Structure formats: C-alpha cells, structure tokens
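Read the structure below first, then the notes.
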Amino acid sequence: MVEVTLYLIWAVATAAIGSGFQHGYNIGVLNTPEEVIKDWMVSDGGFEPRNDSEEHKEEDIVWVWSMIVSTFCIGGMIGGALTGFLANKLGRRWALILNNIFAIIAGLFFGSSKMIGTFYFLFLGRFFIGVNAGLNAGLAPLYICEISPTAIRGATGSMYQLSITITIFIANMLGHQQVLGTESGWPILVALVIVVAVYQIIGMIFCPETPKYLVEKGRNDEAKKVTEKLGGKDSDVQFAETVKDVEDAKGLPTVTVKEMIQQKKLRKPLIIICFLMFAQQLSGINAVMFYSTAIFVMSKSSLETSQLNSVGVMALNVLTTVLSVYLVERFGRKLLLLLAFGGMIITTAILCGSLYYVEEKEAARYVAIIMVYAYVFFFAVGAGSIPWLLGPELFNTASRPLACSIAVPTNWIFNFIVGIGFRPLQMEMGPAVFSIFLICQIITVVVVWFFVPETKNKPIDEITALFE
C-alpha cells in the first residue's frame with residue numbers, strides 16, 4: 001500500500017487546483033452569460049454590425065463572439081508550445097509560479113473592459129488567459145506526474161482534469177443570470193482569475209521542485225530529501241526509479257523535433273498522444289462546454305431552463321470525473337477510452353437525430369436534453385483525463401518536455417477549430433453539425449483499439465520499451 005503524505009497532497013492540490021481553475025473556468029465562463037455580454041457589446045461595447053438587417057446582425061455577432069471565445073485557444077497554442085522550454089529552463093515549479101503573471105494581466109483586461117467601454121479588451125483578456133492555460137495544460141500534468149509514486153500516478157494525474165471540470169461547473173453556476181451573469185456582474189465574473197493566480201503563486205512557494213528535475217541538474221541530495229517528504233516509507237524505491245530514469249536519459253542525445261519525428265520509438269508515441277488530443281477535441285466536448293446553453297436552446301428550451309441545464313451538465317461532469325479517478329486505476333487507460341468514445345458514439349447519434357424532431361414532438365426535446373447529459377457522462381469517464389495522463393507516461397525524461405510541447409498545442413489547435421467553427425456551422429447545418437463529431441468518435445475507437453497501449457501500473461522505462 002502506497003503511503004500518501006500530506007506534503008504530496010498539498011503539492012498535487014496546489015498544482016491541480018491553481019492550474020486547472022484557469023483552464024476550466026475560462027472554458028465555461030462565457031457560456032451562460034453569453035447573451036448579456038453580447039447585448040453590452042452592441043449597446044455600449046463598441047461593436048458595430050456591417051448592416052442593420054436582423055439576419056446579418058445576428059450572423060456578425062455570432063462570428064465575433066466565436067472569435068472572442070476561440071482567442072483563448074490561440075493563446076493556448078502559444079503557451080503549450082512554450083511548455084518544454086520553460087519547464088527545462090526554469091524548472092517545473094518556477095514555470096508554474098511565473099505563469100500566473102499572464103492570468104493577472106488577463107484579469108485586468110477582463111475587469112476593465114466594461115469600464116473602458118470596448119469589447120476588444122475581451123479579446124486581449126482571452127488571449128493572455130489562453131497563454132496561461134496552455135502553459136498550465138503542459139506544466140501541471142508534468143509536475144504532478146514527476147512528484148507522484150508510480151502506483152497512484154493515474155489517480156493523481158486525474159486531479160488536473162478533475163479541477164478543470166469543477167471549475168467549469170463553478171463558471172457556469174456563477175454565470176447564471178441570478179448570480180454574476182448580469183449586466184453589472186459579468187466583469188467581476190471574468191476577472192476572478194486574478195484571485196486564483198495569487199493563490200497559486202503563494203501555494204507553489206511552499207511546494208517542492210520535482211525530484212526528476214533536481215536529479216537532472218545534479219542536485220541529488222536535495223532530490224532525495226524531496227522524495228522522502230513526498231513518498232514517505234516508499235521514498236527509497238521512488239528515488240531509485242527517478243535516478244535510473246534520469247541516468248538512462250543521459251545516455252541518450254538531446255531530443256530534437258527532427259529526432260522525435262525520425263526515430264520510431266519516439267514518433268509512434270508522439271502520433272498516439274497527438275491523435276488523442278485531436279480525438280478529445282473533435283469528440284465535440286468543447287462545443288458543449290463553450291455553447292451548451294445554445295445547444296439546449298436548439299432543443300426549444302427557454303433561456304433560463306437552458307442555463308440551468310448547463311449548470312446541471314457541468315455538475316454531472318464533475319461527479320463523473322471524480323468516479324474516473326477511481327476507475328482509471330482499476331480498469332486501466334485503454335478500456336476507459338474505448339468505453340468513453342463508444343458511449344459518445346451512441347449518445348451523439350441519438351442527439352443528432354432527436355434535434356430534427358424537437359419542433360413536432362415534445363418527447364424529442366427531452367431525449368435531446370438527456371443525450372447531452374449522457375454524452376458528458378461518457379466523456380468524463382475517460383476521454384477527459386486520460387489524454388492528459390497518457391502524455392507524460394509515454395515518454396522518458398529526455399523526451400517528455402518536448403513531447404508535451406508538441407501535444408499540448410495540438411489539443412489547442414483543434415480546440416480552436418471547434419470553438420470558432422461550431423456556432424457558424426450550426427447556423428448553416430442545423431443538427432447535422434453533430435455528425436462531424438460522430439465520424440471522429442468512430443475513427444477514435446478504431447485507433448485506440450489497435451494502437452494505444454495500456455500503461456496502468458507500469459514504470460516509465462517499461463512503457464517506453466514498448467515502442468523500441
């Protein structure tokens with residue numbers, strides 16, 4: 001039985017909560033107050049439609065809103081690409097601490113947008129918080145993976161995704177029109193990122209650098225002390241594994257992008273993790289997270305009911321992610337991925353079909369709502385956390401930061417595509433827009449079945465040996 005120390009709990013919680021909040025909160029924060037902010041943009045925020053016809057005005061505001069939402073992903077691509085450089089240059093801990101500067105800058109733009117009277121500050125805020133989230137998405141799982149004992153690495157690795165889901169729920173709840181999703185409250189809603197940035201800065205000061213990074217820098221005595229505080233009675237075994245991993249990596253040349261592509265033992269896991277990042281986003285999850293209120297409106301629910309359903313969906317997302325922390329160690333990564341994407345295929349197909357009949361049959365409306373809930377359940381079972389968990393597990397110390405620097409921007413690129421394209425495509429295609437996600441889900445099941453290895457309870461060197 002692995003001893004879980006209070007020091008490990010503190011370090012994992014600080015990294016997961018601080019980083020996951022900025023990522024998850026800003027996925028969901030613009031969902032429920034969308035109409036209130038769009039009304040402000042048109043009335044006092046400086047937005048001017050191309051012409052006065054209602055049809056074109058609606059098209060213009062949908063495009064601009066999609067761009068504001070998706071600017072978060074552009075920043076995420078940049079932040080994700082910087083992950084490996086900053087993780088190696090500053091260390092995992094200091095990179096996480098300094099990353100909060102981007103969140104503070106974003107919060108200042110968000111909070112002052114209404115006071116200044118320009119919606120362009122929303123673009124700037126979304127960009128800077130996107131850079132922050134992109135770095136967090138690479139740094140936090142890397143940090144958590146490197147401080148965690150092998151036997152509970154899956155559970156601790158799921159904490160980041162759990163934090164994301166909790167804060168998506170918090171964002172949707174706070175964004176309701178009865179809370180901060182009001183004409184006067186929404187600037188406070190979007191500026192709350194500053195509070196969590198300050199929390200993580202203070203919290204990480206009392207957290208350790210990862211033992212692997214310390215060993216890499218020749219600070220073995222310090223690394224051993226950190227491992228003892230993190231691992232308790234199992235620290236000797238953990239420290240020996242860390243030293244072996246780093247020593248093995250020293251025998252390898254510095255990994256470059258060219259070598260990552262040319263060497264089969266690196267190329268194959270890189271393709272797998274990049275595909276899983278593609279699959280996670282093209283499953284359609286962020287169409288739900290960004291625009292669930294609009295999807296429920298498609299089912300002919302009222303705006304208030306749609307907002308309440310959005311909060312309910314995010315609550316289910318949290319509960320199921322908590323369940324996945326247990327399931328990922330009991331049943332493994334591969335089985336949960338197959339279960340998750342298989343379930344999403346069924347629910348997406350039924351949702352797509354039911355939306356065609358919501359005008360004529362009241363039962364179809366309820367079926368559509370239930371399918372959104374069921375879809376989120378299956379996503380959270382495995383598709384949410386496992387791609388982030390598998391990334392650090394598939395690579396050794398020498399190649400892990402670079403692999404994360406490639407995989408994380410891949411996730412953000414497809415996140416951007418979904419964020420900017422879903423609403424305009426939905427206006428053109430109607431319910432058929434969900435067929436795009438359905439096709440991607442089917443492809444994912446096939447690829448996972450044939451190519452993704454199981455990594456449950458396996459040391460890093462054993463996993464990487466699978467590709468040699």
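Here's how to read the names in the structure tokens: chain A, B, ... by the order shown, residue numbers from 1 in each chain, ligand numbers from 1 in the order shown.
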
Do you know which residues are at most 10 Å from Gly231 in chain A counting only C-alpha atoms, after dropping those on the same chain fewer than 3 positions away, and could you put them as a list of chain:residue names?
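Listed by chain and then number, they are A:Val2, A:Glu3, A:Val4, A:Thr5, A:Leu6, A:Tyr7, A:Leu8, A:Ile147, A:Ser148, A:Pro149, A:Lys225, A:Val226, A:Thr227, A:Glu228, A:Asp234, A:Ser235, A:Asp236, A:Val237, A:Gln238, A:Phe239.
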
May I have the residues from that selection written out with all heavy atoms, as a compact mmCIF listing (two decimals), in the first residue's frame?
# COMPACT_ATOMS: atom_id res chain seq x y z
N VAL A 2 0.65 2.13 -0.95
CA VAL A 2 1.45 3.34 -1.07
C VAL A 2 1.05 4.34 0.01
O VAL A 2 -0.13 4.58 0.25
CB VAL A 2 1.27 3.99 -2.47
CG1 VAL A 2 2.03 5.29 -2.54
CG2 VAL A 2 1.74 3.03 -3.54
N GLU A 3 2.06 4.93 0.64
CA GLU A 3 1.80 5.96 1.64
C GLU A 3 1.60 7.31 0.93
O GLU A 3 2.45 7.74 0.15
CB GLU A 3 2.95 6.08 2.63
CG GLU A 3 2.70 7.12 3.71
CD GLU A 3 3.87 7.26 4.68
OE1 GLU A 3 4.85 6.48 4.54
OE2 GLU A 3 3.82 8.13 5.56
N VAL A 4 0.47 7.95 1.20
CA VAL A 4 0.18 9.26 0.61
C VAL A 4 0.42 10.31 1.69
O VAL A 4 -0.33 10.40 2.67
CB VAL A 4 -1.27 9.33 0.10
CG1 VAL A 4 -1.53 10.71 -0.50
CG2 VAL A 4 -1.52 8.25 -0.94
N THR A 5 1.46 11.10 1.54
CA THR A 5 1.83 12.08 2.56
C THR A 5 1.05 13.38 2.37
O THR A 5 0.57 13.69 1.27
CB THR A 5 3.33 12.39 2.49
OG1 THR A 5 3.62 13.01 1.23
CG2 THR A 5 4.15 11.11 2.62
N LEU A 6 0.96 14.14 3.45
CA LEU A 6 0.29 15.45 3.38
C LEU A 6 1.05 16.39 2.44
O LEU A 6 0.43 17.23 1.76
CB LEU A 6 0.20 16.06 4.78
CG LEU A 6 -0.79 15.40 5.75
CD1 LEU A 6 -0.70 16.04 7.12
CD2 LEU A 6 -2.23 15.49 5.21
N TYR A 7 2.36 16.25 2.40
CA TYR A 7 3.16 17.11 1.52
C TYR A 7 2.83 16.84 0.05
O TYR A 7 2.71 17.77 -0.76
CB TYR A 7 4.64 16.84 1.79
CG TYR A 7 5.59 17.88 1.23
CD1 TYR A 7 5.40 19.24 1.47
CD2 TYR A 7 6.70 17.49 0.47
CE1 TYR A 7 6.28 20.18 0.96
CE2 TYR A 7 7.59 18.43 -0.04
CZ TYR A 7 7.38 19.78 0.22
OH TYR A 7 8.25 20.71 -0.28
N LEU A 8 2.65 15.55 -0.29
CA LEU A 8 2.26 15.20 -1.66
C LEU A 8 0.87 15.74 -1.97
O LEU A 8 0.64 16.29 -3.05
CB LEU A 8 2.28 13.67 -1.83
CG LEU A 8 1.79 13.13 -3.17
CD1 LEU A 8 2.69 13.60 -4.31
CD2 LEU A 8 1.71 11.61 -3.15
N ILE A 147 6.13 14.11 -9.45
CA ILE A 147 6.21 14.05 -7.98
C ILE A 147 5.43 12.88 -7.40
O ILE A 147 5.48 12.63 -6.20
CB ILE A 147 5.71 15.36 -7.32
CG1 ILE A 147 4.22 15.58 -7.58
CG2 ILE A 147 6.53 16.56 -7.77
CD1 ILE A 147 3.63 16.75 -6.80
N SER A 148 4.70 12.13 -8.26
CA SER A 148 3.79 11.10 -7.77
C SER A 148 4.41 9.71 -7.81
O SER A 148 5.09 9.36 -8.79
CB SER A 148 2.51 11.09 -8.61
OG SER A 148 1.86 12.34 -8.54
N PRO A 149 4.17 8.88 -6.79
CA PRO A 149 4.58 7.47 -6.84
C PRO A 149 3.90 6.75 -8.00
O PRO A 149 2.75 7.06 -8.35
CB PRO A 149 4.09 6.92 -5.49
CG PRO A 149 3.98 8.11 -4.59
CD PRO A 149 3.57 9.24 -5.49
N LYS A 225 15.84 14.31 -0.46
CA LYS A 225 15.06 14.89 0.64
C LYS A 225 13.63 15.16 0.20
O LYS A 225 12.67 14.90 0.95
CB LYS A 225 15.72 16.17 1.13
CG LYS A 225 17.03 15.96 1.86
CD LYS A 225 17.66 17.28 2.27
CE LYS A 225 19.01 17.06 2.96
NZ LYS A 225 19.67 18.34 3.32
N VAL A 226 13.48 15.71 -1.00
CA VAL A 226 12.14 15.99 -1.53
C VAL A 226 11.36 14.69 -1.68
O VAL A 226 10.18 14.60 -1.31
CB VAL A 226 12.23 16.73 -2.88
CG1 VAL A 226 10.86 16.77 -3.57
CG2 VAL A 226 12.74 18.15 -2.68
N THR A 227 12.00 13.64 -2.23
CA THR A 227 11.34 12.35 -2.41
C THR A 227 10.89 11.77 -1.07
O THR A 227 9.82 11.17 -0.97
CB THR A 227 12.28 11.36 -3.13
OG1 THR A 227 12.75 11.95 -4.33
CG2 THR A 227 11.54 10.07 -3.47
N GLU A 228 11.72 11.92 -0.04
CA GLU A 228 11.36 11.43 1.30
C GLU A 228 10.13 12.15 1.84
O GLU A 228 9.24 11.53 2.45
CB GLU A 228 12.54 11.60 2.26
CG GLU A 228 13.68 10.64 1.99
CD GLU A 228 14.92 10.96 2.82
OE1 GLU A 228 14.90 12.01 3.52
OE2 GLU A 228 15.90 10.20 2.75
N ASP A 234 7.98 4.77 1.10
CA ASP A 234 8.32 4.23 -0.23
C ASP A 234 9.35 5.10 -0.95
O ASP A 234 9.62 4.89 -2.13
CB ASP A 234 7.05 4.15 -1.10
CG ASP A 234 5.97 3.32 -0.44
OD1 ASP A 234 6.26 2.17 -0.09
OD2 ASP A 234 4.85 3.83 -0.27
N SER A 235 9.93 6.06 -0.26
CA SER A 235 10.77 7.05 -0.93
C SER A 235 12.04 6.45 -1.54
O SER A 235 12.50 6.91 -2.58
CB SER A 235 11.14 8.18 0.04
OG SER A 235 11.86 7.66 1.15
N ASP A 236 12.62 5.44 -0.90
CA ASP A 236 13.86 4.85 -1.44
C ASP A 236 13.62 4.24 -2.81
O ASP A 236 14.43 4.41 -3.73
CB ASP A 236 14.40 3.78 -0.47
CG ASP A 236 14.97 4.38 0.80
OD1 ASP A 236 15.27 5.59 0.79
OD2 ASP A 236 15.10 3.65 1.81
N VAL A 237 12.52 3.51 -2.95
CA VAL A 237 12.19 2.90 -4.24
C VAL A 237 11.92 3.99 -5.28
O VAL A 237 12.40 3.91 -6.42
CB VAL A 237 10.95 1.99 -4.10
CG1 VAL A 237 10.54 1.44 -5.47
CG2 VAL A 237 11.26 0.85 -3.15
N GLN A 238 11.17 5.01 -4.89
CA GLN A 238 10.84 6.09 -5.82
C GLN A 238 12.11 6.83 -6.26
O GLN A 238 12.27 7.16 -7.43
CB GLN A 238 9.86 7.07 -5.16
CG GLN A 238 8.49 6.50 -4.91
CD GLN A 238 7.79 6.05 -6.18
OE1 GLN A 238 7.84 6.74 -7.20
NE2 GLN A 238 7.17 4.89 -6.14
N PHE A 239 12.99 7.09 -5.31
CA PHE A 239 14.22 7.82 -5.65
C PHE A 239 15.10 6.99 -6.58
O PHE A 239 15.67 7.52 -7.54
CB PHE A 239 15.00 8.17 -4.38
CG PHE A 239 16.24 8.97 -4.64
CD1 PHE A 239 16.16 10.28 -5.07
CD2 PHE A 239 17.50 8.40 -4.46
CE1 PHE A 239 17.30 11.03 -5.32
CE2 PHE A 239 18.65 9.13 -4.71
CZ PHE A 239 18.56 10.45 -5.14

Can you tell me which residues surround range 358-365 of chain A at a distance of at most 12 Å, considering only C-alpha atoms, apart from same-chain residues fewer than 4 positions away, and format the answer as number ranges by chain?
A: 295-302, 306, 350-354, 369-372, 431

Using N, CA, C and O atoms, can you export the residues from the last selection as a short mmCIF file (atom, residue, chain, number, x, y, z; two decimals), in the first residue's frame?
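out.cif, written as the output of this step:
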data_model
loop_
_atom_site.label_atom_id
_atom_site.label_comp_id
_atom_site.auth_asym_id
_atom_site.auth_seq_id
_atom_site.Cartn_x
_atom_site.Cartn_y
_atom_site.Cartn_z
N ILE A 295 -26.94 25.02 -27.24
CA ILE A 295 -27.40 23.70 -27.66
C ILE A 295 -28.76 23.39 -27.04
O ILE A 295 -29.67 22.87 -27.70
N PHE A 296 -28.92 23.72 -25.76
CA PHE A 296 -30.21 23.48 -25.11
C PHE A 296 -31.31 24.38 -25.71
O PHE A 296 -32.46 23.97 -25.80
N VAL A 297 -30.93 25.58 -26.12
CA VAL A 297 -31.90 26.44 -26.80
C VAL A 297 -32.32 25.80 -28.12
O VAL A 297 -33.49 25.90 -28.53
N MET A 298 -31.40 25.10 -28.80
CA MET A 298 -31.74 24.38 -30.03
C MET A 298 -32.84 23.35 -29.77
O MET A 298 -33.64 23.03 -30.66
N SER A 299 -32.88 22.81 -28.54
CA SER A 299 -33.91 21.82 -28.20
C SER A 299 -35.22 22.48 -27.79
O SER A 299 -36.12 21.81 -27.28
N LYS A 300 -35.30 23.81 -28.03
CA LYS A 300 -36.52 24.60 -27.77
C LYS A 300 -36.81 24.78 -26.28
O LYS A 300 -37.96 24.94 -25.89
N SER A 301 -35.75 24.75 -25.46
CA SER A 301 -35.90 25.11 -24.05
C SER A 301 -35.78 26.62 -23.91
O SER A 301 -35.14 27.28 -24.74
N SER A 302 -36.36 27.19 -22.86
CA SER A 302 -36.22 28.63 -22.61
C SER A 302 -34.79 28.93 -22.21
O SER A 302 -34.02 28.05 -21.84
N SER A 306 -32.34 26.57 -20.15
CA SER A 306 -31.09 26.17 -20.80
C SER A 306 -29.89 26.45 -19.91
O SER A 306 -28.96 25.65 -19.82
N ILE A 350 -27.93 9.72 -31.28
CA ILE A 350 -29.32 9.94 -30.84
C ILE A 350 -29.61 11.43 -30.71
O ILE A 350 -30.69 11.90 -31.09
N LEU A 351 -28.64 12.20 -30.18
CA LEU A 351 -28.83 13.65 -30.06
C LEU A 351 -29.05 14.29 -31.43
O LEU A 351 -29.97 15.10 -31.61
N CYS A 352 -28.21 13.92 -32.38
CA CYS A 352 -28.33 14.48 -33.73
C CYS A 352 -29.70 14.19 -34.33
O CYS A 352 -30.36 15.07 -34.89
N GLY A 353 -30.17 12.94 -34.18
CA GLY A 353 -31.48 12.58 -34.72
C GLY A 353 -32.63 13.26 -34.00
O GLY A 353 -33.57 13.76 -34.64
N SER A 354 -32.57 13.34 -32.68
CA SER A 354 -33.69 13.90 -31.92
C SER A 354 -33.88 15.39 -32.17
O SER A 354 -35.01 15.90 -32.13
N ILE A 369 -32.13 16.58 -24.49
CA ILE A 369 -31.53 17.04 -23.23
C ILE A 369 -30.85 15.89 -22.51
O ILE A 369 -29.71 16.02 -22.04
N ILE A 370 -31.50 14.74 -22.45
CA ILE A 370 -30.93 13.57 -21.78
C ILE A 370 -29.65 13.12 -22.47
O ILE A 370 -28.66 12.74 -21.82
N MET A 371 -29.62 13.20 -23.80
CA MET A 371 -28.45 12.77 -24.55
C MET A 371 -27.25 13.69 -24.29
O MET A 371 -26.10 13.23 -24.30
N VAL A 372 -27.48 14.97 -24.08
CA VAL A 372 -26.37 15.87 -23.74
C VAL A 372 -25.77 15.46 -22.40
O VAL A 372 -24.55 15.37 -22.24
N PRO A 431 -28.86 20.55 -36.90
CA PRO A 431 -28.43 19.39 -36.10
C PRO A 431 -27.37 18.52 -36.77
O PRO A 431 -26.64 17.80 -36.09
#

Once you count only C-alpha atoms, what closest atom pair and distance in Å to one decimal does each residue of range 59-139 of chain A within 10 Å of range 31-40 of chain A have, with rows by chain and rising residue number, as CSV?
residue,atom,partner,partner_atom,distance
A:Ile61,CA,A:Lys38,CA,7.3
A:Val62,CA,A:Lys38,CA,9.0
A:Val64,CA,A:Lys38,CA,9.5
A:Trp65,CA,A:Lys38,CA,7.5
A:Val69,CA,A:Asn31,CA,9.2
A:Lys114,CA,A:Trp40,CA,8.4
A:Gly117,CA,A:Trp40,CA,9.2
A:Thr118,CA,A:Trp40,CA,9.7
A:Phe119,CA,A:Trp40,CA,8.7

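Take the candidates A:Gly430, A:Gly84, A:Pro269, A:Gly45 and check each one against Leu142 in chain A using only C-alpha atoms; the shortest distance goes to A:Gly84.
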
Within 10 Å of Ile272 in chain A, counting only C-alpha atoms, which residues show up once you throw out same-chain ones fewer than 6 positions away? Write them as a PyMOL selection string, please.
chain A and resi 278+387+390-391+394+407+447-448+451-453

Listing only residues of range 222-332 of chain A within 8 Å of range 155-168 of chain A, what is the closest atom pair and its distance in Å (to one decimal) for each, using only C-alpha atoms, sorted by chain and residue number ascending, as JSON lines?
{"residue": "A:Met289", "atom": "CA", "partner": "A:Ile168", "partner_atom": "CA", "distance": 7.7}
{"residue": "A:Met314", "atom": "CA", "partner": "A:Ile168", "partner_atom": "CA", "distance": 6.4}
{"residue": "A:Ala315", "atom": "CA", "partner": "A:Ile166", "partner_atom": "CA", "distance": 7.6}
{"residue": "A:Asn317", "atom": "CA", "partner": "A:Thr165", "partner_atom": "CA", "distance": 6.1}
{"residue": "A:Val318", "atom": "CA", "partner": "A:Thr165", "partner_atom": "CA", "distance": 5.1}
{"residue": "A:Thr321", "atom": "CA", "partner": "A:Leu162", "partner_atom": "CA", "distance": 5.7}
{"residue": "A:Val322", "atom": "CA", "partner": "A:Leu162", "partner_atom": "CA", "distance": 6.5}
{"residue": "A:Ser324", "atom": "CA", "partner": "A:Ser158", "partner_atom": "CA", "distance": 7.8}
{"residue": "A:Val325", "atom": "CA", "partner": "A:Ala155", "partner_atom": "CA", "distance": 5.1}
{"residue": "A:Tyr326", "atom": "CA", "partner": "A:Ala155", "partner_atom": "CA", "distance": 6.8}
{"residue": "A:Val328", "atom": "CA", "partner": "A:Ala155", "partner_atom": "CA", "distance": 7.0}
{"residue": "A:Glu329", "atom": "CA", "partner": "A:Ala155", "partner_atom": "CA", "distance": 6.7}

Counting only C-alpha atoms, figure out which residue out of A:Ile442, A:Ile152, A:Ala398, A:Ala137 gets nearest to Val246 in chain A.
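When distances to Val246 in chain A are compared using only C-alpha atoms, the smallest one comes from A:Ala398.
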
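Across A:Glu58, A:Gly125, A:Ala294, A:Ala340, the tightest approach to Ser112 in chain A is made by A:Gly125 when counting only C-alpha atoms.
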
Could you please write out, as a PyMOL selection string, every residue of range 100-240 of chain A that DSSP assigns to alpha helix (DSSP H)?
chain A and resi 100-116+120-147+153-174+186-191+193-205+211-216+220-231+235-240

Which residues are close to Leu316 in chain A, i.e. within 8 Å by only C-alpha atoms, leaving aside same-chain residues fewer than 5 positions away? Reply as number ranges by chain.
A: 373, 376-377

Within 12 Å of Leu98 in chain A using only C-alpha atoms, minus same-chain residues under 2 positions, as a list of chain:residue names
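So, after excluding close chain neighbours, the residues are A:Ser19, A:Leu86, A:Ala87, A:Leu90, A:Gly91, A:Arg92, A:Arg93, A:Trp94, A:Ala95, A:Leu96, A:Asn100, A:Ile101, A:Phe102, A:Ala103, A:Ile104, A:Asn132, A:Leu135, A:Asn136, A:Leu139, A:Ala197, A:Val198, A:Gln200, A:Ile201, A:Ile202, A:Met204, A:Ile205.
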
Only N, CA, C and O atoms, please: the residues just picked out, written as a short mmCIF file (atom, residue, chain, number, x, y, z; two decimals), in the first residue's frame.
data_model
loop_
_atom_site.label_atom_id
_atom_site.label_comp_id
_atom_site.auth_asym_id
_atom_site.auth_seq_id
_atom_site.Cartn_x
_atom_site.Cartn_y
_atom_site.Cartn_z
N SER A 19 -3.78 25.53 -11.51
CA SER A 19 -3.69 25.46 -12.97
C SER A 19 -5.01 25.05 -13.61
O SER A 19 -5.43 25.61 -14.62
N LEU A 86 10.24 26.31 -21.08
CA LEU A 86 10.18 26.88 -19.74
C LEU A 86 10.35 25.81 -18.65
O LEU A 86 10.95 26.07 -17.61
N ALA A 87 9.82 24.61 -18.90
CA ALA A 87 9.96 23.53 -17.92
C ALA A 87 11.43 23.17 -17.71
O ALA A 87 11.86 22.88 -16.59
N LEU A 90 13.43 26.96 -16.45
CA LEU A 90 13.10 27.49 -15.12
C LEU A 90 12.86 26.41 -14.09
O LEU A 90 12.88 26.68 -12.88
N GLY A 91 12.60 25.20 -14.55
CA GLY A 91 12.12 24.16 -13.64
C GLY A 91 10.60 24.15 -13.65
O GLY A 91 9.95 25.14 -13.98
N ARG A 92 10.02 23.00 -13.30
CA ARG A 92 8.56 22.88 -13.36
C ARG A 92 7.89 23.84 -12.38
O ARG A 92 6.89 24.49 -12.69
N ARG A 93 8.44 23.96 -11.17
CA ARG A 93 7.83 24.76 -10.12
C ARG A 93 7.83 26.25 -10.46
O ARG A 93 6.80 26.91 -10.39
N TRP A 94 9.00 26.78 -10.82
CA TRP A 94 9.07 28.21 -11.11
C TRP A 94 8.31 28.58 -12.38
O TRP A 94 7.75 29.68 -12.50
N ALA A 95 8.25 27.67 -13.34
CA ALA A 95 7.45 27.93 -14.54
C ALA A 95 5.97 28.08 -14.18
O ALA A 95 5.27 28.96 -14.68
N LEU A 96 5.48 27.22 -13.27
CA LEU A 96 4.09 27.33 -12.81
C LEU A 96 3.85 28.63 -12.05
O LEU A 96 2.81 29.27 -12.21
N ASN A 100 1.52 32.63 -13.70
CA ASN A 100 0.37 33.36 -13.18
C ASN A 100 0.38 34.85 -13.55
O ASN A 100 -0.64 35.52 -13.43
N ILE A 101 1.53 35.34 -14.00
CA ILE A 101 1.58 36.73 -14.48
C ILE A 101 0.61 36.93 -15.64
O ILE A 101 -0.08 37.95 -15.73
N PHE A 102 0.54 35.93 -16.53
CA PHE A 102 -0.39 36.03 -17.67
C PHE A 102 -1.84 36.09 -17.20
O PHE A 102 -2.66 36.80 -17.77
N ALA A 103 -2.16 35.32 -16.14
CA ALA A 103 -3.53 35.33 -15.62
C ALA A 103 -3.89 36.68 -15.01
O ALA A 103 -5.01 37.17 -15.16
N ILE A 104 -2.94 37.29 -14.32
CA ILE A 104 -3.19 38.60 -13.71
C ILE A 104 -3.41 39.66 -14.79
O ILE A 104 -4.32 40.49 -14.69
N ASN A 132 -1.76 31.43 -20.49
CA ASN A 132 -1.66 30.86 -19.15
C ASN A 132 -2.18 29.42 -19.12
O ASN A 132 -1.52 28.51 -18.59
N LEU A 135 0.12 26.90 -21.02
CA LEU A 135 1.27 26.51 -20.21
C LEU A 135 0.84 25.58 -19.07
O LEU A 135 1.50 24.57 -18.79
N ASN A 136 -0.26 25.92 -18.43
CA ASN A 136 -0.76 25.07 -17.34
C ASN A 136 -1.05 23.65 -17.82
O ASN A 136 -0.77 22.68 -17.12
N LEU A 139 2.43 22.06 -18.09
CA LEU A 139 3.26 22.08 -16.89
C LEU A 139 2.65 21.31 -15.73
O LEU A 139 3.34 20.56 -15.02
N ALA A 197 -4.85 33.16 -9.37
CA ALA A 197 -3.44 33.35 -9.71
C ALA A 197 -2.62 33.67 -8.46
O ALA A 197 -1.54 33.13 -8.25
N VAL A 198 -3.15 34.54 -7.61
CA VAL A 198 -2.47 34.88 -6.37
C VAL A 198 -2.37 33.65 -5.45
O VAL A 198 -1.34 33.40 -4.83
N GLN A 200 -2.21 30.49 -6.35
CA GLN A 200 -1.20 29.52 -6.79
C GLN A 200 0.22 30.03 -6.58
O GLN A 200 1.12 29.26 -6.24
N ILE A 201 0.43 31.32 -6.76
CA ILE A 201 1.76 31.88 -6.50
C ILE A 201 2.18 31.59 -5.06
O ILE A 201 3.28 31.11 -4.79
N ILE A 202 1.28 31.89 -4.12
CA ILE A 202 1.58 31.68 -2.70
C ILE A 202 1.74 30.18 -2.41
O ILE A 202 2.67 29.75 -1.73
N MET A 204 2.52 27.60 -4.41
CA MET A 204 3.67 26.94 -5.02
C MET A 204 4.98 27.31 -4.35
O MET A 204 5.97 26.58 -4.48
N ILE A 205 5.01 28.44 -3.66
CA ILE A 205 6.22 28.81 -2.92
C ILE A 205 6.56 27.74 -1.89
O ILE A 205 7.74 27.46 -1.61
#
